[in-house]
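run18.csv follows (CSV, C-alpha atoms):
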```
chain,number,residue,atom,x,y,z
A,1,MET,CA,0.0,0.0,0.0
A,2,ASN,CA,1.0,3.6,-0.5
A,3,PRO,CA,3.1,4.7,2.6
A,4,VAL,CA,1.3,8.0,2.7
A,5,ILE,CA,-2.1,6.4,2.9
A,6,GLU,CA,-0.8,3.9,5.4
A,7,SER,CA,0.3,6.7,7.7
A,8,ILE,CA,-3.1,8.3,7.5
A,9,GLU,CA,-4.9,5.0,8.3
A,10,ARG,CA,-2.6,4.3,11.2
A,11,ASN,CA,-4.2,7.4,13.0
A,12,TYR,CA,-7.6,5.7,13.0
A,13,GLN,CA,-6.5,2.1,13.8
A,14,LYS,CA,-7.0,0.6,17.2
A,15,ASN,CA,-4.1,-0.9,19.1
A,16,LYS,CA,-3.6,-4.6,18.4
A,17,GLN,CA,-3.3,-5.2,22.2
A,18,ASP,CA,-6.8,-3.8,22.8
A,19,ILE,CA,-8.5,-6.3,20.5
A,20,PRO,CA,-8.6,-10.0,21.5
A,21,ALA,CA,-7.2,-12.2,18.7
A,22,PHE,CA,-10.5,-13.9,17.6
A,23,LEU,CA,-10.9,-16.1,14.6
A,24,PRO,CA,-13.9,-17.5,12.6
A,25,GLY,CA,-15.6,-20.1,14.8
A,26,ASP,CA,-15.0,-18.2,18.0
A,27,THR,CA,-17.9,-16.9,20.1
A,28,ILE,CA,-17.6,-13.3,21.0
A,29,ARG,CA,-19.6,-10.8,23.0
A,30,MET,CA,-19.3,-7.2,22.0
A,31,GLU,CA,-20.6,-3.9,23.2
A,32,ILE,CA,-21.8,-1.5,20.5
A,33,LYS,CA,-22.4,2.2,21.0
A,34,VAL,CA,-26.0,3.1,20.1
A,35,ARG,CA,-27.2,6.7,19.7
A,36,GLU,CA,-30.8,7.5,20.5
A,37,GLY,CA,-31.3,11.2,20.0
A,38,GLU,CA,-29.0,12.8,22.4
A,39,LYS,CA,-28.4,9.8,24.6
A,40,GLU,CA,-25.8,7.2,24.0
A,41,ARG,CA,-25.9,3.7,25.4
A,42,LEU,CA,-24.2,0.3,25.0
A,43,GLN,CA,-25.9,-2.6,23.3
A,44,ALA,CA,-24.5,-6.1,23.6
A,45,PHE,CA,-24.3,-8.5,20.7
A,46,GLU,CA,-23.1,-12.1,21.2
A,47,GLY,CA,-22.6,-14.7,18.5
A,48,VAL,CA,-20.3,-16.8,16.4
A,49,VAL,CA,-17.8,-15.1,14.2
A,50,ILE,CA,-18.5,-16.5,10.7
A,51,SER,CA,-16.0,-14.5,8.6
A,52,ARG,CA,-13.2,-12.1,9.1
A,53,ARG,CA,-11.6,-10.0,6.3
A,54,ASN,CA,-8.2,-8.5,6.8
A,55,CYS,CA,-8.1,-5.3,4.9
A,56,GLY,CA,-6.1,-2.7,6.9
A,57,LEU,CA,-8.3,0.0,8.3
A,58,ARG,CA,-11.3,-1.6,6.6
A,59,GLU,CA,-10.8,-4.9,8.4
A,60,ASN,CA,-14.2,-6.3,9.2
A,61,PHE,CA,-15.9,-9.4,10.6
A,62,THR,CA,-19.4,-10.9,10.6
A,63,VAL,CA,-21.1,-12.2,13.8
A,64,ARG,CA,-24.1,-14.6,13.5
A,65,LYS,CA,-26.5,-15.4,16.3
A,66,ILE,CA,-30.0,-17.0,16.5
A,67,SER,CA,-32.4,-14.5,18.1
A,68,TYR,CA,-35.9,-15.8,18.9
A,69,GLY,CA,-35.4,-18.5,16.2
A,70,VAL,CA,-34.4,-16.0,13.6
A,71,GLY,CA,-30.8,-15.9,12.3
A,72,VAL,CA,-29.2,-12.5,12.7
A,73,GLU,CA,-26.0,-11.5,11.1
A,74,ARG,CA,-24.2,-8.2,11.6
A,75,THR,CA,-21.0,-7.1,10.0
A,76,PHE,CA,-18.7,-4.7,11.9
A,77,ILE,CA,-15.6,-2.7,11.0
A,78,LEU,CA,-13.0,-3.8,13.5
A,79,HIS,CA,-11.5,-0.3,14.0
A,80,SER,CA,-14.8,1.5,14.2
A,81,PRO,CA,-15.1,3.7,17.3
A,82,ASN,CA,-18.7,2.5,17.6
A,83,ILE,CA,-17.4,-0.8,19.0
A,84,ALA,CA,-16.8,-0.2,22.7
A,85,SER,CA,-15.4,-3.6,23.6
A,86,ILE,CA,-14.9,-7.2,22.3
A,87,ALA,CA,-14.7,-10.1,24.7
A,88,LEU,CA,-13.7,-13.6,23.5
A,89,LEU,CA,-15.9,-16.2,25.2
A,90,ARG,CA,-15.2,-19.5,23.5
A,91,ARG,CA,-12.7,-20.7,20.9
A,92,GLY,CA,-14.3,-22.8,18.1
A,93,LYS,CA,-12.8,-25.7,16.2
A,94,VAL,CA,-13.5,-25.1,12.5
A,95,ALA,CA,-12.0,-26.3,9.3
A,96,ARG,CA,-12.4,-23.2,7.1
A,97,GLY,CA,-12.1,-19.4,7.2
A,98,LYS,CA,-15.7,-18.5,6.2
A,99,LEU,CA,-18.5,-20.3,8.0
A,100,TYR,CA,-21.3,-19.5,5.6
A,101,TYR,CA,-22.5,-23.1,5.8
A,102,LEU,CA,-24.0,-22.3,9.2
A,103,ARG,CA,-26.7,-20.2,7.5
A,104,ALA,CA,-28.2,-23.4,6.0
A,105,ARG,CA,-28.3,-25.2,9.4
A,106,VAL,CA,-31.0,-25.2,12.0
A,107,GLY,CA,-31.2,-26.3,15.6
A,108,LYS,CA,-28.4,-28.4,17.1
A,109,LYS,CA,-26.4,-28.4,13.9
A,110,THR,CA,-25.7,-24.7,14.2
A,111,ARG,CA,-23.3,-25.3,17.1
A,112,VAL,CA,-19.6,-25.0,16.6
A,113,LYS,CA,-17.3,-27.4,18.5
A,114,ASP,CA,-15.1,-26.0,21.2
A,115,LYS,CA,-11.5,-25.9,20.5
A,116,ILE,CA,-9.8,-28.0,23.2
A,117,PHE,CA,-6.1,-27.4,23.9
A,118,SER,CA,-4.2,-30.5,25.1
A,119,LYS,CA,-2.3,-30.1,28.3
A,120,ASP,CA,1.0,-31.5,26.9
A,121,LYS,CA,1.5,-28.5,24.7
A,122,ASN,CA,1.9,-25.4,26.6
B,1,MET,CA,-8.5,36.3,-1.2
B,2,GLY,CA,-5.2,35.7,-2.9
B,3,VAL,CA,-4.6,32.7,-5.1
B,4,LYS,CA,-7.7,30.7,-5.6
B,5,ALA,CA,-6.3,27.4,-6.7
B,6,ILE,CA,-3.3,25.1,-6.2
B,7,LEU,CA,-1.6,22.1,-7.9
B,8,GLY,CA,-1.3,18.7,-6.4
B,9,THR,CA,-0.9,15.0,-7.0
B,10,LYS,CA,-3.5,12.3,-6.4
B,11,VAL,CA,-2.2,9.8,-3.9
B,12,GLY,CA,-5.2,7.4,-3.6
B,13,MET,CA,-8.3,6.7,-1.7
B,14,THR,CA,-9.0,5.4,1.8
B,15,GLN,CA,-11.7,5.8,4.4
B,16,ILE,CA,-11.6,7.5,7.8
B,17,PHE,CA,-13.9,7.6,10.8
B,18,THR,CA,-15.6,10.7,12.1
B,19,ASP,CA,-15.9,11.4,15.8
B,20,ASP,CA,-19.5,9.9,15.9
B,21,GLY,CA,-18.3,6.7,14.3
B,22,ASN,CA,-19.4,7.3,10.7
B,23,VAL,CA,-17.2,6.2,7.8
B,24,VAL,CA,-16.2,8.8,5.3
B,25,PRO,CA,-14.6,7.8,1.9
B,26,VAL,CA,-11.8,10.2,1.2
B,27,THR,CA,-9.2,10.9,-1.5
B,28,VAL,CA,-5.8,11.8,-0.4
B,29,ILE,CA,-4.1,14.6,-2.4
B,30,SER,CA,-0.5,15.6,-2.0
B,31,VAL,CA,-0.8,19.4,-2.4
B,32,GLY,CA,2.0,21.8,-3.4
B,33,PRO,CA,3.9,23.7,-2.2
B,34,CYS,CA,3.8,25.8,-5.4
B,35,THR,CA,6.1,28.7,-6.2
B,36,ILE,CA,4.7,31.8,-7.8
B,37,ILE,CA,6.6,32.6,-11.0
B,38,ARG,CA,4.7,35.5,-12.5
B,39,LYS,CA,1.5,37.4,-11.7
B,40,SER,CA,-1.0,39.5,-13.6
B,41,ASP,CA,-4.1,41.3,-12.3
B,42,SER,CA,-6.3,38.3,-12.1
B,43,SER,CA,-4.0,35.3,-12.3
B,44,VAL,CA,-0.7,33.9,-11.2
B,45,GLN,CA,1.6,31.5,-12.9
B,46,VAL,CA,2.9,28.8,-10.5
B,47,GLY,CA,5.4,26.1,-10.7
B,48,TYR,CA,5.0,22.7,-9.0
B,49,ARG,CA,7.5,19.9,-8.4
B,50,GLU,CA,11.0,21.2,-8.7
B,51,ILE,CA,13.4,19.6,-11.2
B,52,ARG,CA,16.6,18.2,-9.7
B,53,PRO,CA,19.6,20.3,-10.9
B,54,GLU,CA,21.2,17.3,-12.7
B,55,ALA,CA,18.0,16.6,-14.7
B,56,VAL,CA,17.3,20.2,-15.8
B,57,LYS,CA,19.4,19.9,-19.0
B,58,ARG,CA,17.7,16.7,-20.0
B,59,LEU,CA,14.2,17.8,-19.4
B,60,LEU,CA,14.2,21.5,-20.5
B,61,ASN,CA,15.4,23.1,-23.6
B,62,LYS,CA,17.2,26.4,-23.4
B,63,PRO,CA,14.3,28.8,-24.0
B,64,LEU,CA,12.4,27.1,-21.2
B,65,ARG,CA,15.4,27.1,-18.9
B,66,MET,CA,16.0,30.8,-19.5
B,67,SER,CA,12.3,31.6,-18.8
B,68,PHE,CA,12.8,30.2,-15.3
B,69,GLU,CA,16.1,31.9,-14.9
B,70,LYS,CA,14.6,35.2,-16.0
B,71,ALA,CA,11.8,35.0,-13.4
B,72,GLY,CA,14.4,34.2,-10.8
B,73,VAL,CA,12.9,30.9,-9.7
B,74,LYS,CA,14.0,27.3,-9.8
B,75,PRO,CA,12.9,25.1,-12.8
B,76,PHE,CA,9.7,23.2,-12.3
B,77,ARG,CA,8.1,20.1,-13.9
B,78,PHE,CA,4.6,21.6,-14.1
B,79,VAL,CA,3.8,25.2,-14.8
B,80,ARG,CA,0.1,26.3,-14.8
B,81,THR,CA,-1.8,29.6,-14.7
B,82,LEU,CA,-4.2,29.8,-11.8
B,83,PRO,CA,-7.0,32.3,-11.0
B,84,ALA,CA,-6.3,34.8,-8.3
B,85,ASP,CA,-7.4,38.3,-7.0
B,86,GLU,CA,-6.2,40.9,-4.5
B,87,LEU,CA,-2.6,40.2,-5.2
B,88,GLU,CA,-1.0,42.9,-3.1
B,89,GLY,CA,0.9,40.7,-0.7
B,90,ILE,CA,1.8,38.0,-3.2
B,91,GLU,CA,5.2,38.4,-4.9
B,92,PRO,CA,7.0,36.1,-7.4
B,93,ASN,CA,9.3,33.5,-5.8
B,94,THR,CA,7.0,33.1,-2.8
B,95,GLU,CA,5.4,29.8,-2.0
B,96,ILE,CA,1.7,28.9,-1.6
B,97,ASN,CA,0.8,25.7,0.2
B,98,VAL,CA,-2.1,23.6,1.6
B,99,SER,CA,-2.8,26.1,4.4
B,100,MET,CA,-4.9,28.1,2.0
B,101,PHE,CA,-7.7,25.5,2.7
B,102,LYS,CA,-9.4,24.7,5.9
B,103,GLU,CA,-11.7,21.9,7.0
B,104,GLY,CA,-15.2,22.1,5.6
B,105,ASP,CA,-14.3,24.2,2.6
B,106,GLN,CA,-15.8,23.3,-0.7
B,107,VAL,CA,-13.4,22.7,-3.6
B,108,SER,CA,-13.5,21.5,-7.2
B,109,VAL,CA,-10.8,19.2,-8.5
B,110,THR,CA,-9.7,19.0,-12.1
B,111,GLY,CA,-7.7,16.1,-13.5
B,112,THR,CA,-7.2,13.9,-16.5
B,113,SER,CA,-9.6,10.9,-16.2
B,114,LYS,CA,-8.3,7.3,-16.6
B,115,GLY,CA,-8.0,6.4,-20.3
B,116,LYS,CA,-10.2,3.5,-21.4
B,117,GLY,CA,-9.0,3.4,-25.0
B,118,PHE,CA,-11.4,2.9,-28.0
B,119,SER,CA,-14.5,1.7,-26.3
B,120,GLY,CA,-17.8,0.3,-27.6
B,121,ALA,CA,-21.1,2.0,-27.2
B,122,MET,CA,-22.1,-0.3,-24.3
B,123,GLU,CA,-19.1,0.7,-22.2
B,124,ARG,CA,-19.0,4.3,-23.4
B,125,HIS,CA,-22.6,5.3,-23.4
B,126,ASN,CA,-24.3,2.6,-21.4
B,127,PHE,CA,-26.1,1.1,-24.4
B,128,SER,CA,-28.0,-2.0,-23.5
B,129,GLY,CA,-26.7,-4.1,-26.4
B,130,ALA,CA,-28.9,-6.5,-28.4
B,131,MET,CA,-30.4,-9.9,-27.8
B,132,THR,CA,-28.4,-13.1,-28.3
B,133,THR,CA,-31.5,-15.1,-29.3
B,134,HIS,CA,-34.0,-14.9,-32.2
B,135,GLY,CA,-31.4,-15.9,-34.8
B,136,GLN,CA,-28.9,-13.2,-33.9
B,137,SER,CA,-25.2,-13.8,-33.9
B,138,ASP,CA,-22.3,-11.4,-33.5
B,139,ARG,CA,-24.7,-8.5,-32.7
B,140,ALA,CA,-24.9,-8.7,-28.9
B,141,ARG,CA,-22.7,-5.6,-28.3
B,142,ALA,CA,-23.4,-3.7,-31.5
B,143,THR,CA,-24.4,0.0,-31.6
B,144,GLY,CA,-27.6,-0.6,-33.6
B,145,SER,CA,-29.2,1.9,-35.9
B,146,CYS,CA,-27.6,5.3,-36.6
B,147,GLY,CA,-30.8,7.1,-37.3
B,148,SER,CA,-33.7,7.3,-39.7
B,149,GLY,CA,-33.5,6.9,-43.5
B,150,THR,CA,-35.2,9.1,-46.0
B,151,GLN,CA,-36.1,12.0,-43.7
B,152,ALA,CA,-32.6,12.8,-42.4
B,153,SER,CA,-30.4,10.8,-44.9
B,154,ARG,CA,-27.5,11.4,-42.6
B,155,THR,CA,-26.3,10.8,-39.1
B,156,TRP,CA,-27.0,13.5,-36.6
B,157,LYS,CA,-24.0,15.3,-35.1
B,158,GLY,CA,-23.2,14.1,-31.6
B,159,LYS,CA,-24.7,10.6,-32.2
B,160,LYS,CA,-23.4,8.3,-29.5
B,161,LEU,CA,-21.0,5.9,-31.1
B,162,PRO,CA,-17.9,3.9,-30.1
B,163,GLY,CA,-14.7,5.9,-29.7
B,164,GLN,CA,-12.0,7.1,-27.3
B,165,MET,CA,-13.2,7.0,-23.7
B,166,GLY,CA,-11.5,8.6,-20.8
B,167,ASN,CA,-8.1,10.4,-20.9
B,168,VAL,CA,-9.9,13.8,-21.0
B,169,ARG,CA,-9.8,16.7,-18.6
B,170,LYS,CA,-12.6,16.3,-16.0
B,171,THR,CA,-13.7,18.5,-13.1
B,172,VAL,CA,-15.6,17.3,-10.0
B,173,LYS,CA,-17.3,20.1,-8.2
B,174,GLY,CA,-18.6,20.5,-4.6
B,175,LEU,CA,-16.1,18.3,-2.9
B,176,LYS,CA,-15.8,18.9,0.9
B,177,ILE,CA,-12.4,19.1,2.6
B,178,VAL,CA,-12.3,16.6,5.5
B,179,LYS,CA,-8.9,17.2,6.7
B,180,VAL,CA,-5.8,19.4,6.1
B,181,ASP,CA,-2.4,18.2,7.1
B,182,GLU,CA,0.0,21.2,6.9
B,183,GLN,CA,3.0,19.2,8.1
B,184,LYS,CA,2.8,16.6,5.4
B,185,ASN,CA,1.1,18.9,2.8
B,186,LEU,CA,-1.8,16.6,2.5
B,187,LEU,CA,-5.5,17.3,1.7
B,188,LEU,CA,-8.3,14.8,2.4
B,189,VAL,CA,-11.4,15.5,0.3
B,190,LYS,CA,-14.6,13.5,0.6
B,191,GLY,CA,-15.4,11.4,-2.5
B,192,SER,CA,-13.5,10.5,-5.6
B,193,ILE,CA,-11.5,12.7,-8.0
B,194,PRO,CA,-10.6,12.1,-11.7
B,195,GLY,CA,-7.5,10.2,-12.8
B,196,ALA,CA,-5.1,7.6,-11.6
B,197,ALA,CA,-2.8,7.8,-8.6
B,198,ASN,CA,0.2,10.1,-9.2
B,199,GLY,CA,-1.8,12.2,-11.7
B,200,LEU,CA,-1.6,16.0,-11.6
B,201,VAL,CA,-4.7,17.7,-10.3
B,202,ILE,CA,-5.8,21.3,-9.8
B,203,ILE,CA,-7.7,22.1,-6.6
B,204,ARG,CA,-9.9,25.2,-6.9
B,205,ARG,CA,-11.6,27.0,-4.0
B,206,GLN,CA,-15.3,27.2,-4.6
B,207,ALA,CA,-17.3,30.3,-3.4
```
Could I get this file's structure written as structure tokens?
Amino acid sequence: MNPVIESIERNYQKNKQDIPAFLPGDTIRMEIKVREGEKERLQAFEGVVISRRNCGLRENFTVRKISYGVGVERTFILHSPNIASIALLRRGKVARGKLYYLRARVGKKTRVKDKIFSKDKN
Amino acid sequence: MGVKAILGTKVGMTQIFTDDGNVVPVTVISVGPCTIIRKSDSSVQVGYREIRPEAVKRLLNKPLRMSFEKAGVKPFRFVRTLPADELEGIEPNTEINVSMFKEGDQVSVTGTSKGKGFSGAMERHNFSGAMTTHGQSDRARATGSCGSGTQASRTWKGKKLPGQMGNVRKTVKGLKIVKVDEQKNLLLVKGSIPGAANGLVIIRRQA
């Protein structure tokens, strides 16, 4: 990328340490700033990360959850100031980078297996 | 008001966040500094992008070289005449830079659009093309009829036909300045501007 543009984008990027390293398959809980007239409040959104696109400042990810039996997906820009916090809840064991196959699944099949780390490896 | 325009180079596009979390698409322009070479009542001639001393002989012939020498300025790659008024304080061999703009100003940007070569009517004029069925072949992207027969017996001037597309001077008006970086001589305007990266652009202040 052009070094001039990179230096501009750096001003708007969040610190890497402030964001947990989550991957597709992981379950995350995030707090989103919502503006209602003058007031601003935080809204939680919890679900499975089904895609993540690395794209510099435009890096974004999609979170899917089932809300009252209806599938809800929201795409967020990672560096957006509207995202107050991201918490990693569970690591998922998945075999691909984009989990769009979850859209076609209902009920128990929508679950993602937990990633279990063996004790031998530290 | 002084000089109303300045020269710059398109760097490229990116997006930035506003304080309330909205995303703004911006074009980054590397602006000036430009040196004033001559001035008249309503315009100034400015030079942009100095030529290295060792390259001067290769890039400029003697008459051009002497014209810079006569004006008492360094030789420049680009020389353009820009609109200006109230020129009391502005003297030749002084610089103008990006600080002539501030956030929220409206500007128009002129550049040379990307060349698309000799393009067909579908790409150049958004013709819809023809059907591929009903016994047709080799006609799917054709221009179609050029006009009526007996009544006109000729093709009207300005008829939309295939031809050179792009690589022409284009102006985009009403662009808003999102940010001015005086240290790095950068200008961020909202939206897109004509031409490819590294192309010369003229940024004009709009009333």
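Minimum distance to chain B across A:Gly97, A:Pro81, A:Pro3, A:Gly92 (counting only C-alpha atoms) occurs at A:Pro81.
Our summary of the geometry notes that CA of Ile177 (chain B) is positioned 21.2 Å from CA of Tyr48 (chain B).
Any residue of chain A with an atom no more than 7 Å from chain B counts as a contact; using only C-alpha atoms, that gives A:Tyr12, A:Ser80, A:Pro81, A:Asn82.
Going from CA of Pro20 (chain A) over to CA of Arg41 (chain A), you cover 22.4 Å.
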Practice prompt. Identify which of the residues B:Val73, B:Leu161, B:Val109, B:Leu87 lies closest to Ala142 (chain B), counting all atoms listed in the file when measuring atom-to-atom distances.
Written response: B:Leu161
Fill in: For CA of Phe45 (chain A) and CA of Leu99 (chain A), the interatomic separation in Å (one decimal)
18.3 Å
Practice prompt. Identify, on the basis of only C-alpha atoms, every residue whose closest approach to Gln206 (chain B) does not exceed 10 Å; exclude the query and any residue fewer than 3 positions from it along the same chain; express the result as a PyMOL selection string.
Written response: chain B and resi 4-5+105-109+173-176+203
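When the distance limit is 9 Å and all atoms listed in the file are what count, the residues near His125 (chain B), minus those fewer than 3 positions from it on the same chain, are Gly120, Ala121, Met122, Lys160, Leu161 and Pro162 of chain B.
Using only C-alpha atoms, the residues found no farther than 12 Å from Val72 (chain A), other than those of its own chain fewer than 3 positions away, are A:Phe45, A:Glu46, A:Gly47, A:Val48, A:Val49, A:Ile50, A:Thr62, A:Val63, A:Arg64, A:Lys65, A:Ile66, A:Ser67, A:Tyr68, A:Gly69, A:Thr75, A:Leu102, A:Arg103.
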